[in-house]
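Encoded as structure tokens, the structure appears first; notes follow it.
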Amino acid sequence: MSDDIHRYDGEQLVVHYDAQRCQHARACVSGSSAAFDPDRRPWVDPDALPPRLVARIIERCPTGALWYTGRRGGPVEKPPPYTRVRLVADGPLYLHGPLTLDPAHRRGPDTRVALCRCGASKNKPLCDGRHAGVGFRDPGLLDGESIHPPEPGACKVVAIPNGPLMLRGWVEIRGVGAEGDQRRVHDQVALCRCGASKNKPYCDGSHNKIDFRTERR
Ligand code: FES
């Protein structure tokens, strides 16, 4: 296991932290400075609050940098019944649900993950925060609203070499439209990860025009 993955043992909860996945969304520190204090060593205290409260805070970590395992009757994380994809303005895709990622990118459970959509990450398909440095701009707009709900079930995330992210399985994409929050539902969809599509968040084939490369030549 990488040196960037740390564990913090509590009575009923073991908290795991993957520094490479962390994008400082601050869901943890704003959830409880007693349990998560970046100025303290160790910075995580799993016993600072009742385990269910610590677990609830961890479940808000959008990148999956924090996860937990329960012990001695401690809580167990259950993903939502289907995968939700949130478009972050000028940033990544946040996925939350019953996911499977390519095993090469799996470091903990795949329930929550941030995926690159600017094309600049050096840790594809994961976001590594480079969208800010390259000036990626996309407000996360969605055109139109689906009326039918997604069906429960797993979603397989396949990062196509030199191409888009294929999400195979039901997903609900959440973004912003002219009339506020919008949601689109798909049972399979290709999402842009090169940053060049004119139809974001969907792939429109622009990766070919810009000669997008995810693999070394
Ligand atoms: S991956 Fe960006 S247009 Fe296909």
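Residue numbering restarts at 1 for every chain of the structure tokens, chains are lettered A, B, ... in their displayed order, and ligands are numbered from 1 as they appear.
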Could you list, as a CSV table (one decimal) with N, CA and C atoms, in the first residue's frame, all the residues within 12 Å of ligand 1, counting only C-alpha atoms and all ligand atoms?
```csv
chain,number,residue,atom,x,y,z
A,116,CYS,N,-11.2,13.3,-13.1
A,116,CYS,CA,-10.7,14.4,-13.9
A,116,CYS,C,-11.6,14.6,-15.2
A,117,ARG,N,-11.9,15.9,-15.4
A,117,ARG,CA,-12.7,16.2,-16.7
A,117,ARG,C,-12.0,17.4,-17.4
A,118,CYS,N,-10.8,17.8,-16.9
A,118,CYS,CA,-10.1,18.9,-17.6
A,118,CYS,C,-9.0,18.3,-18.6
A,119,GLY,N,-8.7,17.1,-18.3
A,119,GLY,CA,-7.6,16.4,-19.2
A,119,GLY,C,-6.2,16.6,-18.7
A,120,ALA,N,-6.0,17.3,-17.6
A,120,ALA,CA,-4.7,17.7,-17.2
A,120,ALA,C,-4.1,16.8,-16.0
A,125,PRO,N,-7.6,8.1,-14.1
A,125,PRO,CA,-8.8,9.0,-14.3
A,125,PRO,C,-9.1,9.8,-13.1
A,159,ALA,N,-12.3,4.0,-18.1
A,159,ALA,CA,-11.6,5.1,-18.7
A,159,ALA,C,-11.1,4.6,-20.0
A,160,ILE,N,-11.7,5.0,-21.1
A,160,ILE,CA,-11.2,4.6,-22.5
A,160,ILE,C,-9.9,5.2,-22.8
A,161,PRO,N,-8.9,4.4,-23.2
A,161,PRO,CA,-7.6,5.0,-23.5
A,161,PRO,C,-7.7,6.1,-24.6
A,162,ASN,N,-7.2,7.3,-24.3
A,162,ASN,CA,-7.2,8.4,-25.2
A,162,ASN,C,-8.6,8.9,-25.6
A,163,GLY,N,-9.6,8.5,-24.7
A,163,GLY,CA,-11.0,8.8,-25.0
A,163,GLY,C,-11.7,9.1,-23.7
A,164,PRO,N,-13.1,9.0,-23.8
A,164,PRO,CA,-13.9,9.4,-22.7
A,164,PRO,C,-14.0,8.5,-21.5
A,165,LEU,N,-14.7,8.9,-20.5
A,165,LEU,CA,-15.1,8.0,-19.4
A,165,LEU,C,-16.4,7.3,-19.8
A,166,MET,N,-16.4,6.0,-19.8
A,166,MET,CA,-17.7,5.3,-20.1
A,166,MET,C,-18.3,4.9,-18.7
A,189,VAL,N,-23.4,6.0,-20.5
A,189,VAL,CA,-23.1,7.3,-21.0
A,189,VAL,C,-21.6,7.5,-21.1
A,190,ALA,N,-21.2,8.3,-22.1
A,190,ALA,CA,-19.8,8.6,-22.3
A,190,ALA,C,-19.6,10.1,-21.9
A,191,LEU,N,-18.7,10.3,-20.9
A,191,LEU,CA,-18.5,11.7,-20.4
A,191,LEU,C,-17.1,12.2,-20.8
A,192,CYS,N,-17.0,13.5,-21.2
A,192,CYS,CA,-15.8,14.0,-21.6
A,192,CYS,C,-14.8,14.1,-20.5
A,193,ARG,N,-13.5,13.7,-20.8
A,193,ARG,CA,-12.4,13.8,-19.8
A,193,ARG,C,-11.2,14.5,-20.4
A,194,CYS,N,-11.4,15.0,-21.7
A,194,CYS,CA,-10.3,15.7,-22.3
A,194,CYS,C,-10.4,17.2,-22.1
A,195,GLY,N,-11.6,17.7,-21.7
A,195,GLY,CA,-11.8,19.1,-21.5
A,195,GLY,C,-12.2,19.9,-22.7
A,196,ALA,N,-12.3,19.2,-23.9
A,196,ALA,CA,-12.5,19.9,-25.2
A,196,ALA,C,-13.9,19.8,-25.7
A,197,SER,N,-14.7,19.0,-25.2
A,197,SER,CA,-16.0,18.8,-25.7
A,197,SER,C,-16.8,20.1,-25.8
A,198,LYS,N,-17.6,20.3,-26.8
A,198,LYS,CA,-18.5,21.5,-26.9
A,198,LYS,C,-19.8,21.1,-26.3
A,199,ASN,N,-20.0,19.9,-25.8
A,199,ASN,CA,-21.3,19.5,-25.3
A,199,ASN,C,-21.1,18.8,-23.9
A,200,LYS,N,-20.2,19.5,-23.1
A,200,LYS,CA,-20.0,19.0,-21.8
A,200,LYS,C,-21.3,18.8,-21.0
A,201,PRO,N,-21.4,17.8,-20.2
A,201,PRO,CA,-20.4,16.9,-19.7
A,201,PRO,C,-20.2,15.7,-20.7
A,202,TYR,N,-20.9,15.7,-21.8
A,202,TYR,CA,-20.8,14.6,-22.7
A,202,TYR,C,-19.7,14.6,-23.6
A,203,CYS,N,-19.2,13.5,-24.0
A,203,CYS,CA,-18.1,13.4,-25.1
A,203,CYS,C,-18.8,13.7,-26.4
A,204,ASP,N,-18.1,14.5,-27.2
A,204,ASP,CA,-18.6,14.8,-28.6
A,204,ASP,C,-17.6,14.4,-29.6
A,205,GLY,N,-16.6,13.7,-29.2
A,205,GLY,CA,-15.6,13.2,-30.2
A,205,GLY,C,-14.4,14.2,-30.3
A,206,SER,N,-14.4,15.3,-29.6
A,206,SER,CA,-13.4,16.3,-29.7
A,206,SER,C,-12.0,15.8,-29.3
A,207,HIS,N,-12.0,14.7,-28.5
A,207,HIS,CA,-10.7,14.2,-28.1
A,207,HIS,C,-9.9,13.8,-29.3
A,208,ASN,N,-10.5,13.3,-30.4
A,208,ASN,CA,-9.8,13.0,-31.6
A,208,ASN,C,-9.2,14.2,-32.2
A,209,LYS,N,-9.9,15.3,-32.2
A,209,LYS,CA,-9.4,16.5,-32.9
A,209,LYS,C,-8.2,17.1,-32.1
A,210,ILE,N,-8.2,17.0,-30.8
A,210,ILE,CA,-7.1,17.6,-30.1
A,210,ILE,C,-6.0,16.6,-29.8
A,211,ASP,N,-6.2,15.3,-30.3
A,211,ASP,CA,-5.2,14.3,-30.2
A,211,ASP,C,-4.9,14.0,-28.6
A,212,PHE,N,-6.0,13.9,-27.9
A,212,PHE,CA,-5.9,13.7,-26.5
A,212,PHE,C,-5.2,12.4,-26.2
A,213,ARG,N,-4.3,12.4,-25.3
A,213,ARG,CA,-3.5,11.2,-25.0
A,213,ARG,C,-3.5,10.9,-23.5
A,214,THR,N,-4.0,9.8,-23.1
A,214,THR,CA,-3.9,9.4,-21.7
A,214,THR,C,-2.8,8.4,-21.5
```
- Item | DSSP alpha helix (DSSP H) selection over stretch 22-177 of chain A, as a ChimeraX atom specification | /A:27-31,51-58,130-133
- Message: I'd like the contact shell of stretch 51-64 of chain A - 6 Å cut-off, only C-alpha atoms, skipping same-chain residues fewer than 4 positions apart - returned as a ChimeraX atom specification.
- Response: /A:27-28,31,112-114
Any chance you could export the current selection's N, CA, C and O atoms as a tab-separated table (two decimals), in the first residue's frame?
```tsv
chain	number	residue	atom	x	y	z
A	27	ALA	N	-14.88	18.82	3.81
A	27	ALA	CA	-16.09	18.27	4.44
A	27	ALA	C	-15.77	17.73	5.83
A	27	ALA	O	-16.60	17.79	6.74
A	28	CYS	N	-14.56	17.23	6.02
A	28	CYS	CA	-14.18	16.64	7.31
A	28	CYS	C	-13.95	17.73	8.36
A	28	CYS	O	-14.57	17.71	9.43
A	31	GLY	N	-16.91	19.51	9.30
A	31	GLY	CA	-17.85	18.63	10.00
A	31	GLY	C	-17.56	18.56	11.49
A	31	GLY	O	-18.47	18.60	12.31
A	112	ARG	N	-17.04	6.69	-3.30
A	112	ARG	CA	-16.96	8.13	-3.61
A	112	ARG	C	-15.65	8.38	-4.33
A	112	ARG	O	-14.62	7.87	-3.91
A	113	VAL	N	-15.72	9.15	-5.40
A	113	VAL	CA	-14.48	9.40	-6.15
A	113	VAL	C	-14.61	10.69	-6.97
A	113	VAL	O	-15.71	11.08	-7.36
A	114	ALA	N	-13.49	11.39	-7.15
A	114	ALA	CA	-13.45	12.58	-8.01
A	114	ALA	C	-12.67	12.22	-9.26
A	114	ALA	O	-11.52	11.79	-9.18
```
- Message: Please list as a list of chain:residue names every residue within 10 Å of A:Arg168, counting only C-alpha atoms and excluding residues in the same chain fewer than 6 positions away.
- Response: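 Result of the neighbour search: A:Leu99, A:Thr100, A:Ala154, A:Cys155, A:Lys156, A:Val157, A:Val158, A:His186, A:Asp187, A:Gln188, A:Val189, A:Ala190.
The two atoms in question, atom CA of A:Asp138 and atom CA of A:Ser121, are spaced 16.0 Å apart.
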- Task: With a distance cut-off of 6 Å and only C-alpha atoms, select the neighbouring residues of A:Asp45, excluding the residue or stretch itself and same-chain residues fewer than 2 positions from it, and output the selection as an MDAnalysis selection string.
- Result: chainID A and resid 35 47:48
